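Participant: Have a peek at structure_27.cif (mmCIF, C-alpha atoms and all ligand atoms).
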data_run
loop_
_atom_site.label_atom_id
_atom_site.label_comp_id
_atom_site.auth_asym_id
_atom_site.auth_seq_id
_atom_site.Cartn_x
_atom_site.Cartn_y
_atom_site.Cartn_z
CA MET N 1 14.84 171.06 -107.67
CA GLU N 2 12.61 169.34 -105.09
CA GLU N 3 10.25 168.73 -107.95
CA LEU N 4 12.92 166.77 -109.83
CA LYS N 5 13.97 164.76 -106.78
CA ASN N 6 10.36 163.85 -106.01
CA LYS N 7 9.75 162.81 -109.58
CA VAL N 8 12.85 160.58 -109.55
CA ARG N 9 11.86 158.99 -106.23
CA GLU N 10 8.38 158.34 -107.55
CA LEU N 11 9.60 156.71 -110.78
CA LEU N 12 12.03 154.44 -108.93
CA LYS N 13 9.60 153.54 -106.13
CA ALA N 14 6.87 152.61 -108.56
CA GLY N 15 9.34 150.57 -110.57
CA THR N 16 8.47 152.54 -113.72
CA VAL N 17 12.21 152.80 -114.35
CA GLN N 18 15.23 151.03 -112.87
CA ALA N 19 17.68 153.90 -113.20
CA VAL N 20 17.68 157.64 -113.72
CA ILE N 21 20.53 159.43 -115.45
CA GLY N 22 21.07 162.87 -113.97
CA TYR N 23 23.69 165.23 -112.59
CA ARG N 24 25.49 165.23 -109.23
CA ALA N 25 28.21 167.43 -107.82
CA GLY N 26 31.68 166.94 -109.26
CA SER N 27 35.01 166.87 -107.50
CA ASP N 28 34.98 170.64 -106.94
CA GLU N 29 32.25 173.28 -106.75
CA LYS N 30 32.74 174.25 -110.38
CA THR N 31 31.94 170.89 -111.93
CA ALA N 32 29.06 168.49 -112.20
CA ARG N 33 29.19 164.86 -113.20
CA VAL N 34 26.80 162.17 -114.27
CA ALA N 35 24.73 160.31 -111.69
CA PHE N 36 23.10 156.94 -112.21
CA VAL N 37 20.38 156.89 -109.58
CA ARG N 38 19.05 153.40 -108.83
CA GLN N 39 17.58 153.76 -105.33
CA PRO N 40 14.88 156.30 -104.36
CA ASP N 41 16.99 157.74 -101.51
CA GLU N 42 19.93 158.37 -103.87
CA ALA N 43 17.80 161.08 -105.49
CA ASP N 44 18.95 163.44 -102.72
CA GLY N 45 22.34 163.75 -104.39
CA LEU N 46 20.93 165.09 -107.64
CA ILE N 47 21.69 168.65 -108.63
CA LEU N 48 20.40 170.95 -111.34
CA ASP N 49 22.23 174.22 -111.84
CA PRO N 50 24.39 176.01 -114.42
CA ARG N 51 27.21 173.50 -113.91
CA CYS N 52 25.01 170.81 -115.45
CA THR N 53 25.83 171.22 -119.09
CA ASP N 54 26.94 167.74 -120.16
CA ASN N 55 24.88 166.05 -122.84
CA LEU N 56 23.70 163.04 -120.85
CA ALA N 57 22.16 161.43 -123.92
CA VAL N 58 25.60 159.98 -124.68
CA TYR N 59 25.00 157.38 -121.94
CA LEU N 60 21.72 156.08 -123.36
CA LEU N 61 23.31 153.82 -125.97
CA LYS N 62 26.21 152.50 -123.92
CA PRO N 63 25.74 148.72 -123.53
CA GLU N 64 26.59 148.78 -119.80
CA VAL N 65 23.99 151.48 -119.17
CA LYS N 66 21.34 149.64 -121.14
CA LEU N 67 21.87 146.69 -118.78
CA LEU N 68 20.57 148.79 -115.88
CA GLY N 69 17.01 148.32 -117.14
CA LYS N 70 14.45 150.88 -118.19
CA LEU N 71 15.86 154.38 -117.96
CA ALA N 72 14.74 157.91 -117.25
CA ILE N 73 17.02 160.82 -118.08
CA VAL N 74 17.29 164.43 -116.98
CA ALA N 75 17.32 166.42 -120.21
CA ARG N 76 18.01 170.02 -120.94
CA PRO N 77 16.70 171.13 -124.35
CA THR N 78 19.89 170.08 -126.19
CA THR N 79 19.79 166.63 -124.65
CA ALA N 80 16.12 166.37 -125.57
CA ARG N 81 16.97 167.21 -129.18
CA THR N 82 19.74 164.63 -129.11
CA ILE N 83 17.23 161.99 -128.03
CA LEU N 84 14.98 162.88 -130.96
CA GLN N 85 17.91 162.71 -133.35
CA LEU N 86 18.86 159.28 -131.98
CA ALA N 87 15.24 158.22 -132.48
CA SER N 88 15.27 159.44 -136.07
CA GLU N 89 18.34 157.27 -136.62
CA ASN N 90 16.47 154.27 -135.19
CA GLN N 91 18.64 154.09 -132.08
CA LEU N 92 15.82 154.60 -129.60
CA ALA N 93 12.22 153.40 -129.71
CA ASP N 94 9.24 155.42 -128.58
CA GLY N 95 8.64 154.88 -124.87
CA GLN N 96 12.06 153.31 -124.33
CA VAL N 97 13.21 156.16 -122.10
CA ILE N 98 11.33 158.57 -119.90
CA VAL N 99 12.62 162.06 -120.40
CA LEU N 100 12.58 164.52 -117.52
CA GLY N 101 12.67 167.69 -119.54
CA VAL N 102 14.24 170.71 -117.87
CA SER N 103 13.06 174.06 -119.14
CA ALA N 104 15.61 176.47 -120.63
CA ASP N 105 15.77 178.47 -117.38
CA GLY N 106 16.54 175.24 -115.53
CA LYS N 107 13.55 175.56 -113.15
CA ALA N 108 10.58 173.52 -114.34
CA VAL N 109 10.72 169.77 -114.87
CA VAL N 110 8.24 167.95 -117.07
CA GLU N 111 7.86 164.24 -117.61
CA LEU N 112 7.92 163.44 -121.32
CA ALA N 113 7.12 159.81 -121.96
CA SER N 114 6.63 159.91 -125.74
CA PHE N 115 8.49 161.31 -128.72
CA GLU N 116 5.47 163.40 -129.55
CA ALA N 117 5.69 165.13 -126.18
CA LEU N 118 9.43 165.55 -126.69
CA GLU N 119 8.91 167.14 -130.08
CA LYS N 120 6.52 169.68 -128.57
CA PHE N 121 9.01 170.37 -125.77
CA VAL N 122 11.98 171.08 -128.08
CA GLY N 123 9.75 173.06 -130.42
CA GLN N 124 9.50 175.74 -127.73
CA VAL N 125 13.26 176.26 -127.64
CA PRO N 126 14.95 177.79 -130.67
CA ALA N 127 17.53 175.50 -132.27
CA GLY N 128 20.69 176.61 -134.00
CA LEU N 129 23.78 178.53 -133.02
CA THR N 130 23.84 181.26 -130.40
CA GLU N 131 24.84 184.77 -131.38
CA GLU N 132 28.29 184.30 -129.81
CA GLU N 133 28.86 181.10 -131.74
CA LYS N 134 27.88 182.82 -134.96
CA VAL N 135 30.37 185.60 -134.28
CA LEU N 136 33.19 183.11 -133.71
CA LEU N 137 32.35 181.22 -136.91
CA ALA N 138 32.19 184.45 -138.86
CA LYS N 139 35.59 185.40 -137.50
CA ILE N 140 37.18 182.23 -138.87
CA GLU N 141 35.27 182.53 -142.14
CA GLY N 142 36.54 186.07 -142.45
CA MET N 143 40.17 184.95 -142.37
CA SER N 144 42.09 184.42 -145.58
CA ARG N 145 42.40 180.83 -146.72
CA GLU N 146 46.03 180.74 -145.59
CA GLU N 147 45.11 182.09 -142.15
CA ARG N 148 42.39 179.48 -141.76
CA TRP N 149 44.86 176.76 -142.68
CA ALA N 150 47.38 178.09 -140.16
CA PHE N 151 44.70 178.44 -137.48
CA TRP N 152 43.47 174.87 -137.84
CA GLN N 153 46.94 173.40 -138.25
CA SER N 154 48.01 174.93 -134.96
CA GLU N 155 44.83 173.60 -133.30
CA PHE N 156 45.09 170.11 -134.81
CA ALA N 157 48.80 169.90 -133.99
CA ARG N 158 47.86 169.57 -130.32
CA CYS N 159 45.55 166.61 -130.88
CA ILE N 160 46.80 163.48 -129.15
CA LYS N 161 44.24 161.15 -130.74
CA CYS N 162 42.76 160.17 -127.40
CA TYR N 163 39.27 160.14 -128.96
CA ALA N 164 37.71 161.64 -125.84
CA CYS N 165 35.72 163.83 -128.25
CA ARG N 166 34.31 160.74 -129.89
CA ALA N 167 33.48 159.10 -126.54
CA ALA N 168 31.71 162.27 -125.40
CA CYS N 169 29.61 162.68 -128.53
CA PRO N 170 26.14 161.14 -128.32
CA MET N 171 26.03 160.83 -132.11
CA CYS N 172 29.32 158.89 -132.30
CA TYR N 173 27.74 155.56 -131.46
CA CYS N 174 29.14 153.26 -134.16
CA SER N 175 30.51 150.15 -132.52
CA ARG N 176 33.28 150.09 -135.09
CA CYS N 177 34.64 153.50 -136.02
CA ILE N 178 36.62 154.29 -139.16
CA VAL N 179 39.63 155.15 -137.00
CA GLU N 180 39.80 151.54 -135.85
CA SER N 181 39.71 150.21 -139.38
CA ASN N 182 43.12 148.95 -140.41
CA GLN N 183 42.26 147.15 -143.65
CA PRO N 184 42.69 149.68 -145.13
CA GLN N 185 44.03 152.03 -142.50
CA TRP N 186 42.18 155.24 -143.33
CA ILE N 187 43.42 157.23 -140.37
CA PRO N 188 47.00 156.76 -139.15
CA VAL N 189 47.15 155.73 -135.50
CA SER N 190 49.89 158.05 -134.31
CA PRO N 191 49.13 161.72 -133.75
CA HIS N 192 50.89 163.47 -136.62
CA ASP N 193 49.76 166.34 -138.80
CA GLU N 194 48.38 164.40 -141.73
CA GLY N 195 46.45 161.91 -139.64
CA ASN N 196 45.20 164.59 -137.27
CA LEU N 197 43.75 166.59 -140.16
CA GLU N 198 42.13 163.47 -141.58
CA TRP N 199 40.68 162.53 -138.21
CA HIS N 200 39.12 165.96 -137.71
CA LEU N 201 37.67 166.12 -141.21
CA VAL N 202 36.29 162.60 -141.11
CA ARG N 203 34.78 163.15 -137.68
CA ALA N 204 33.10 166.34 -138.85
CA MET N 205 31.79 164.78 -142.05
CA HIS N 206 30.36 161.77 -140.23
CA LEU N 207 28.50 164.21 -137.99
CA ALA N 208 27.46 166.54 -140.80
CA GLY N 209 23.81 167.40 -140.42
CA ARG N 210 23.57 165.22 -137.29
CA CYS N 211 25.42 167.36 -134.72
CA LEU N 212 23.20 168.91 -132.05
CA ASN N 213 25.75 171.54 -131.13
CA CYS N 214 25.91 170.48 -127.51
CA GLY N 215 29.62 171.30 -127.42
CA PHE N 216 30.37 168.20 -125.35
CA CYS N 217 33.17 167.13 -127.75
CA ALA N 218 35.11 170.36 -127.28
CA LYS N 219 34.48 170.28 -123.53
CA ALA N 220 35.87 166.74 -123.35
CA CYS N 221 39.02 167.55 -125.33
CA PRO N 222 41.98 167.61 -122.96
CA MET N 223 43.93 169.75 -125.44
CA GLY N 224 41.33 172.50 -125.70
CA ILE N 225 40.75 172.11 -129.44
CA PRO N 226 37.52 173.90 -130.49
CA LEU N 227 36.58 171.04 -132.78
CA ASN N 228 32.85 171.67 -132.37
CA LEU N 229 33.32 174.66 -134.70
CA LEU N 230 33.75 172.22 -137.59
CA THR N 231 30.43 170.52 -136.97
CA GLN N 232 28.79 173.88 -136.33
CA ARG N 233 29.98 175.06 -139.71
CA LEU N 234 28.50 171.95 -141.33
CA ALA N 235 25.24 172.38 -139.44
CA GLU N 236 25.01 175.90 -140.83
CA GLU N 237 25.76 174.65 -144.33
CA ALA N 238 23.20 171.81 -144.10
CA LYS N 239 20.61 174.33 -142.99
CA ALA N 240 21.46 176.84 -145.71
CA ALA N 241 21.77 174.30 -148.52
CA PHE N 242 19.07 171.77 -147.63
CA GLY N 243 16.98 173.38 -144.91
CA ALA N 244 18.04 170.50 -142.66
CA VAL N 245 18.19 170.94 -138.88
CA ALA N 246 19.05 168.01 -136.62
CA GLY N 247 17.04 167.04 -133.57
CA GLY N 248 13.64 168.50 -134.35
CA SER N 249 11.71 165.31 -134.77
CA ALA N 250 11.84 161.57 -134.16
CA THR N 251 11.07 160.90 -137.81
CA GLY N 252 13.32 163.56 -139.34
CA GLU N 253 15.42 162.52 -142.31
CA TYR N 254 19.21 162.69 -142.35
CA ALA N 255 20.32 165.39 -144.78
CA LEU N 256 22.81 163.08 -146.48
CA SER N 257 20.55 160.06 -146.89
CA MET N 258 18.07 162.02 -148.97
CA PHE N 259 18.26 164.58 -151.76
CA LYS N 260 16.18 166.84 -153.94
CA ALA N 261 16.51 166.71 -157.70
CA ASP N 262 17.02 170.46 -157.65
CA ASP N 263 19.57 170.76 -154.84
CA LYS N 264 21.51 173.92 -155.56
CA GLU N 265 25.27 174.28 -155.77
CA GLY N 266 27.50 176.77 -157.52
CA PHE N 267 30.67 174.82 -158.28
CA ILE N 268 29.99 171.70 -160.38
CA ARG N 269 31.31 172.12 -163.90
CA MET B 1 55.68 160.12 -161.21
CA GLU B 2 57.56 163.31 -161.74
CA ASN B 3 56.08 166.68 -160.98
CA ASP B 4 58.35 168.43 -163.42
CA ASN B 5 58.34 168.63 -167.15
CA LYS B 6 61.38 166.64 -168.31
CA ALA B 7 62.04 168.84 -171.31
CA THR B 8 61.71 172.25 -169.71
CA GLY B 9 62.11 171.52 -166.02
CA ALA B 10 58.93 173.54 -165.35
CA PHE B 11 56.35 172.44 -162.77
CA GLU B 12 53.74 170.04 -164.08
CA PRO B 13 50.74 169.43 -161.82
CA LYS B 14 49.82 165.89 -160.86
CA LEU B 15 46.08 165.36 -160.99
CA VAL B 16 43.95 162.40 -160.09
CA ALA B 17 40.41 162.01 -161.39
CA PHE B 18 37.86 159.84 -159.64
CA VAL B 19 35.25 159.07 -162.26
CA CYS B 20 32.19 156.88 -162.50
CA ASN B 21 32.20 153.80 -164.66
CA TRP B 22 29.13 154.63 -166.69
CA CYS B 23 29.42 158.24 -167.83
CA THR B 24 32.69 160.05 -167.27
CA TYR B 25 34.92 157.02 -167.78
CA VAL B 26 33.22 156.33 -171.10
CA GLY B 27 33.42 160.04 -171.92
CA ALA B 28 37.17 159.99 -171.24
CA ASP B 29 37.43 156.88 -173.38
CA LEU B 30 35.57 158.68 -176.15
CA ALA B 31 38.06 161.54 -175.94
CA GLY B 32 40.76 158.96 -176.55
CA THR B 33 39.08 157.09 -179.41
CA SER B 34 38.24 160.45 -181.01
CA ARG B 35 41.98 161.20 -180.82
CA LEU B 36 41.43 164.44 -178.90
CA LYS B 37 44.70 165.67 -177.57
CA TYR B 38 44.61 166.89 -173.96
CA ALA B 39 46.89 167.49 -170.99
CA SER B 40 48.56 164.30 -169.83
CA ASN B 41 48.64 165.38 -166.18
CA VAL B 42 45.68 163.31 -165.07
CA ARG B 43 45.54 159.77 -163.72
CA VAL B 44 42.04 158.36 -164.00
CA ILE B 45 40.61 156.09 -161.34
CA ARG B 46 37.34 154.39 -162.19
CA LEU B 47 34.71 153.70 -159.54
CA PRO B 48 31.21 152.35 -160.01
CA CYS B 49 29.39 155.59 -159.25
CA THR B 50 29.97 159.09 -157.87
CA GLY B 51 27.92 157.89 -154.91
CA ARG B 52 30.79 155.51 -154.15
CA ILE B 53 33.46 158.21 -154.18
CA ASP B 54 34.23 158.51 -150.49
CA PHE B 55 35.52 161.95 -149.52
CA MET B 56 38.45 160.20 -147.85
CA LEU B 57 39.74 159.34 -151.33
CA ILE B 58 40.14 163.05 -152.04
CA LEU B 59 42.15 163.58 -148.84
CA LYS B 60 44.28 160.53 -149.54
CA ALA B 61 45.01 161.81 -153.04
CA PHE B 62 46.47 165.00 -151.60
CA ALA B 63 48.36 163.06 -148.95
CA GLN B 64 49.88 160.96 -151.74
CA GLY B 65 51.21 164.02 -153.48
CA MET B 66 48.50 165.12 -155.89
CA ASP B 67 48.28 168.81 -156.67
CA GLY B 68 44.66 168.69 -157.78
CA VAL B 69 41.68 166.33 -157.79
CA ILE B 70 38.83 165.94 -160.25
CA VAL B 71 35.62 164.15 -159.30
CA SER B 72 33.19 163.50 -162.10
CA GLY B 73 30.16 161.43 -162.96
CA CYS B 74 26.85 161.28 -164.79
CA HIS B 75 24.68 164.37 -165.11
CA PRO B 76 21.74 164.61 -162.67
CA GLY B 77 18.99 162.34 -163.90
CA ASP B 78 21.42 160.07 -165.81
CA CYS B 79 22.90 157.99 -162.99
CA HIS B 80 23.20 154.30 -163.86
CA TYR B 81 22.01 153.59 -160.32
CA THR B 82 19.31 156.24 -160.66
CA VAL B 83 20.24 158.43 -157.68
CA GLY B 84 23.90 157.92 -156.74
CA ASN B 85 24.96 161.25 -158.17
CA TYR B 86 22.21 163.13 -156.32
CA HIS B 87 23.52 161.73 -153.05
CA ALA B 88 27.08 162.55 -154.11
CA ARG B 89 26.10 166.12 -154.88
CA ARG B 90 24.78 166.65 -151.35
CA ARG B 91 27.95 165.23 -149.89
CA TRP B 92 30.11 167.42 -152.12
CA ILE B 93 28.23 170.54 -151.03
CA LEU B 94 28.97 169.85 -147.37
CA PHE B 95 32.46 168.46 -147.88
CA ARG B 96 33.57 171.36 -150.03
CA SER B 97 32.40 173.84 -147.40
CA LEU B 98 34.25 171.88 -144.72
CA LEU B 99 37.47 171.85 -146.77
CA ASP B 100 37.22 175.57 -147.27
CA PHE B 101 36.56 176.16 -143.57
CA ALA B 102 39.59 174.03 -142.65
CA GLY B 103 41.76 176.15 -144.96
CA ILE B 104 42.21 173.58 -147.70
CA ASP B 105 42.53 175.15 -151.14
CA VAL B 106 39.24 174.33 -152.87
CA ARG B 107 40.64 175.65 -156.14
CA ARG B 108 42.39 172.29 -156.27
CA VAL B 109 39.23 170.20 -156.01
CA HIS B 110 36.98 170.13 -159.05
CA PHE B 111 33.61 168.52 -159.48
CA ALA B 112 32.01 167.95 -162.85
CA TRP B 113 29.29 166.15 -164.75
CA VAL B 114 30.66 164.57 -167.90
CA SER B 115 28.46 162.18 -169.86
CA ALA B 116 29.51 159.24 -172.04
CA ALA B 117 28.97 161.44 -175.10
CA GLU B 118 31.03 164.37 -173.82
CA GLY B 119 34.56 163.41 -174.85
CA ALA B 120 35.25 167.00 -175.79
CA LYS B 121 33.98 168.30 -172.42
CA TRP B 122 36.30 165.86 -170.66
CA ALA B 123 39.33 166.98 -172.67
CA ASP B 124 38.43 170.59 -172.03
CA LEU B 125 37.94 169.97 -168.30
CA VAL B 126 41.33 168.30 -167.91
CA ASN B 127 43.02 171.06 -169.88
CA LYS B 128 41.39 173.77 -167.79
CA VAL B 129 42.06 172.12 -164.44
CA SER B 130 45.66 171.39 -165.42
CA GLY B 131 46.12 175.02 -166.38
CA GLU B 132 44.53 176.32 -163.18
CA VAL B 133 46.51 174.02 -160.91
CA ARG B 134 49.71 174.75 -162.84
CA GLU B 135 49.16 178.40 -161.96
CA LEU B 136 48.66 177.51 -158.28
CA GLY B 137 51.88 175.51 -158.18
CA PRO B 138 52.60 172.38 -156.17
CA TYR B 139 50.36 171.80 -153.15
CA LYS B 140 53.26 172.08 -150.72
CA GLU B 141 51.10 172.83 -147.67
CA TYR B 142 49.30 169.51 -147.77
CA GLN B 143 52.23 167.49 -149.04
CA GLY B 144 54.33 168.85 -146.19
CA LEU B 145 52.01 167.28 -143.60
CA ALA B 146 53.07 163.70 -144.23
CA GLY B 147 56.76 164.48 -143.90
CA LYS B 148 56.41 166.24 -140.55
CA GLY B 149 56.05 163.07 -138.50
CA ILE B 150 54.80 162.88 -134.95
CA ALA B 151 54.11 166.25 -133.42
S1 LIG N 301 29.88 166.72 -132.51
FE1 LIG N 301 30.19 167.72 -130.50
S2 LIG N 301 28.61 169.31 -130.45
FE2 LIG N 301 28.00 167.86 -132.08
S3 LIG N 301 26.63 166.36 -131.07
FE3 LIG N 301 28.73 165.53 -130.98
S4 LIG N 301 29.51 166.18 -128.95
FE4 LIG N 301 27.72 167.49 -129.44
S1 LIG N 302 39.52 164.89 -127.57
FE1 LIG N 302 40.91 166.45 -128.43
S2 LIG N 302 42.97 165.54 -128.30
FE2 LIG N 302 41.49 163.86 -128.01
S3 LIG N 302 41.18 163.04 -130.12
FE3 LIG N 302 39.57 164.58 -129.79
S4 LIG N 302 40.42 166.49 -130.60
FE4 LIG N 302 42.15 165.07 -130.33
#
Can the structure from this file be put into structure tokens for me?
Facilitator:
Amino acid sequence: MEELKNKVRELLKAGTVQAVIGYRAGSDEKTARVAFVRQPDEADGLILDPRCTDNLAVYLLKPEVKLLGKLAIVARPTTARTILQLASENQLADGQVIVLGVSADGKAVVELASFEALEKFVGQVPAGLTEEEKVLLAKIEGMSREERWAFWQSEFARCIKCYACRAACPMCYCSRCIVESNQPQWIPVSPHDEGNLEWHLVRAMHLAGRCLNCGFCAKACPMGIPLNLLTQRLAEEAKAAFGAVAGGSATGEYALSMFKADDKEGFIR
Amino acid sequence: MENDNKATGAFEPKLVAFVCNWCTYVGADLAGTSRLKYASNVRVIRLPCTGRIDFMLILKAFAQGMDGVIVSGCHPGDCHYTVGNYHARRRWILFRSLLDFAGIDVRRVHFAWVSAAEGAKWADLVNKVSGEVRELGPYKEYQGLAGKGIA
């Protein structure tokens, strides 16, 4: 912890960066929230513990955050992979941000100034779903089709179309989203069953093969909808069908912007 | 459009087919000029390329009351735009798995390659899909969504 604070002070004092994105205590002892540290002495308020699970990479592309100047960011492995995925989508340039990589156990902090260093860092941490996540997915997959429909309908019925999930997702960075398109209006504005289903399917498809499985979308949802399961399912499919895993490299290709002449499927007539 | 057979009163499935301009549309045309008789349940919508067939169109078709959807284009290697169908195929693989995961009946969504020379394959495809969807009955689950209004 002291190591992180010292590092942040150093970076700000030397003027290497103008702001550091990290975690500070939230409104109660169970939560943490984002901190934008701009003065060396503000580094004292930083924390790094199991509460700090938010994917801070979501802030990197926000126009108001970019105005702060050059940035450093505290990154757990998932956030580090998100940064690489953003780089592969040409949203971040090499050297644009300094990454303060936090090891999986949350103890060691390493300064990673290049994408190459970042790639090595994430390479040490296995990507993909945890065993618990796999069990949950398998449970839904094991349901009958009708049960799956009923399960998701009861989940989607609670959606109030607040789009907090979209705001929380670091990969949802389009300045104009399909839900705001009204010529034609693809997704109805009001939260009703048809539009809710369409919103959830379109969101998942637009994140297919790009989701880093940080779970921030589901955490942000005020209605407790486990919508990250949809993108998890697609991540599993992209891996199984195309060998594609998001967030491994700054030059990785998006599974849906490339193809192989012999891509396999078992359903086209 | 009526879902029922006027003469018998039995259920007749409504199908929409999104087809590419260069292969399947011409194949369907060939079925017609060859005077092949096939199920009249399908409404054909022509798009430039399977690569242009947004998955939202499939959802909208169900929302508008279709009981089944066909998506068809040029065989791999034959795309007029060289690679549109290869991209489409990747999208279909992921989209189909998402539909299934969300509990949508994938037996109502059919993908095919039908070339400009395959009038008979087109007629056969429409007949088969019509028969299969007729067995499944009207897609009440999805069609019920629109009527339910604000939750
Ligand atoms: S979809 Fe959810 S889990 Fe995936 S990157 Fe976005 S916020 Fe994270
Ligand atoms: S955050 Fe939850 S309630 Fe809000 S739009 Fe997303 S899924 Fe719906």
Participant: Could you check how far atom CA of Asp49 of chain N sits from atom FE4 of ligand LIG 301 (chain N), in Å to one decimal?
Facilitator: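 Straight-line distance from atom CA of Asp49 of chain N to atom FE4 of ligand LIG 301 (chain N) works out to 19.6 Å.
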Participant: Enumerate as a PyMOL selection string the residues within 8 Å of ligand LIG 302 (chain N), counting all atoms listed in the file.
Facilitator: chain N and resi 156+158-166+196+200+217-218+220-227
Participant: Write out as a PyMOL selection string the residues lying within 10 Å of segment 85-97 of chain B, counting all atoms listed in the file and excluding same-chain residues fewer than 5 positions away.
Facilitator: (chain N and resi 201-202+204-205+208-209+233-238+241-242+255-268) or (chain B and resi 20+49-55+71-80+102-106+109-111+113)
Participant: Determine, counting all atoms listed in the file, every residue of protein, DNA or RNA that lies within 8 Å of (31.6, 163.4, -170.6) in the file coordinates, then give the result as a list in words.
Facilitator: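 Residues with an atom at most 8 Å from (31.6, 163.4, -170.6): Cys23, Thr24, Tyr25, Val26, Gly27, Ala28, Cys74, Trp113, Val114, Ser115, Ala116, Ala117, Glu118, Gly119, Ala120, Lys121 and Trp122 of chain B.
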Participant: Report, in Å with one decimal, the straight-line distance from atom CA of Ala14 of chain N to atom CA of Val34 of chain N.
Facilitator: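 A separation of 22.8 Å between them.
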Participant: Give the centre and edge lengths of an axis-aligned box, in Å to one decimal, that holds all listed atoms of segment 180-187 of chain N with 3 Å on each side, as AutoDock Vina command-line options.
Facilitator:
--center_x 41.9 --center_y 152.2 --center_z -140.5 --size_x 10.3 --size_y 16.1 --size_z 15.3
Participant: Given a cut-off of 6 Å, what residues near ligand LIG 301 (chain N) show up using only C-alpha atoms and all ligand atoms, put as a PDB file with C-alpha atoms, in the frame of the given file?
Facilitator:
ATOM      1  CA  ALA N 168      31.710 162.270-125.400  1.00  0.00           C
ATOM      2  CA  CYS N 169      29.610 162.680-128.530  1.00  0.00           C
ATOM      3  CA  PRO N 170      26.140 161.140-128.320  1.00  0.00           C
ATOM      4  CA  MET N 171      26.030 160.830-132.110  1.00  0.00           C
ATOM      5  CA  CYS N 211      25.420 167.360-134.720  1.00  0.00           C
ATOM      6  CA  LEU N 212      23.200 168.910-132.050  1.00  0.00           C
ATOM      7  CA  ASN N 213      25.750 171.540-131.130  1.00  0.00           C
ATOM      8  CA  CYS N 214      25.910 170.480-127.510  1.00  0.00           C
ATOM      9  CA  GLY N 215      29.620 171.300-127.420  1.00  0.00           C
ATOM     10  CA  PHE N 216      30.370 168.200-125.350  1.00  0.00           C
ATOM     11  CA  CYS N 217      33.170 167.130-127.750  1.00  0.00           C
ATOM     12  CA  ASN N 228      32.850 171.670-132.370  1.00  0.00           C
ATOM     13  CA  THR N 231      30.430 170.520-136.970  1.00  0.00           C
TER      14      THR N 231
END
Participant: Within 6 Å of chain B, which residues of chain N are there when counting only C-alpha atoms? Please give them as a ChimeraX atom specification.
Facilitator: /N:145,148-149,191-194,268-269
Participant: To one decimal place in Å, what is the distance between atom CA of Phe115 of chain N and atom CA of Ser103 of chain N?
Facilitator: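 We find that atom CA of Phe115 of chain N and atom CA of Ser103 of chain N lie 16.6 Å from each other.
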Participant: Give the answer as one residue: which of N:Thr53, N:Thr130, N:Ser181, N:Gln96 has the shortest atom-to-atom distance to Leu112 of chain N, using all atoms listed in the file?
Facilitator: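 Closest candidate: N:Gln96.
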Participant: Compile the contact shell of Thr251 of chain N as a list of chain:residue names: residues with an atom at most 9 Å away, counting only C-alpha atoms, same-chain residues fewer than 3 positions apart removed.
Facilitator: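 My list of contacting residues is N:Leu84, N:Gln85, N:Ala87, N:Ser88, N:Glu89, N:Asn90, N:Gly248.
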Participant: Give the answer as one residue: which of N:Val74, N:Ala138, N:Ala104, N:Ile98 has the shortest atom-to-atom distance to Gln124 of chain N, using all atoms listed in the file?
Facilitator: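 Closest to Gln124 of chain N, using all atoms listed in the file: N:Ala104.
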Participant: Place a sphere of radius 12 Å on (4.7, 157.8, -120.5) in the file coordinates and name every protein, DNA or RNA residue with an atom inside or on its surface, counting all atoms listed in the file; give the answer as a list in words.
Facilitator: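 Counting all atoms listed in the file, I find these residues within 12 Å of (4.7, 157.8, -120.5): Leu11, Thr16, Val17, Leu71, Ala72, Asp94, Gly95, Gln96, Val97, Ile98, Val99, Leu100, Val110, Glu111, Leu112, Ala113, Ser114, Phe115, Glu116, Ala117 and Leu118 of chain N.
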Participant: Output C-alpha atoms of each residue in that selection to a file, as a compact mmCIF listing (two decimals), in the coordinates of the input.
Facilitator:
# COMPACT_ATOMS: atom_id res chain seq x y z
CA LEU N 11 9.60 156.71 -110.78
CA THR N 16 8.47 152.54 -113.72
CA VAL N 17 12.21 152.80 -114.35
CA LEU N 71 15.86 154.38 -117.96
CA ALA N 72 14.74 157.91 -117.25
CA ASP N 94 9.24 155.42 -128.58
CA GLY N 95 8.64 154.88 -124.87
CA GLN N 96 12.06 153.31 -124.33
CA VAL N 97 13.21 156.16 -122.10
CA ILE N 98 11.33 158.57 -119.90
CA VAL N 99 12.62 162.06 -120.40
CA LEU N 100 12.58 164.52 -117.52
CA VAL N 110 8.24 167.95 -117.07
CA GLU N 111 7.86 164.24 -117.61
CA LEU N 112 7.92 163.44 -121.32
CA ALA N 113 7.12 159.81 -121.96
CA SER N 114 6.63 159.91 -125.74
CA PHE N 115 8.49 161.31 -128.72
CA GLU N 116 5.47 163.40 -129.55
CA ALA N 117 5.69 165.13 -126.18
CA LEU N 118 9.43 165.55 -126.69
Participant: With all atoms listed in the file as the atoms that count, which of N:Gly101, N:Pro50, N:Pro63, N:Gly243 lies nearest to Ala32 of chain N?
Facilitator: N:Pro50
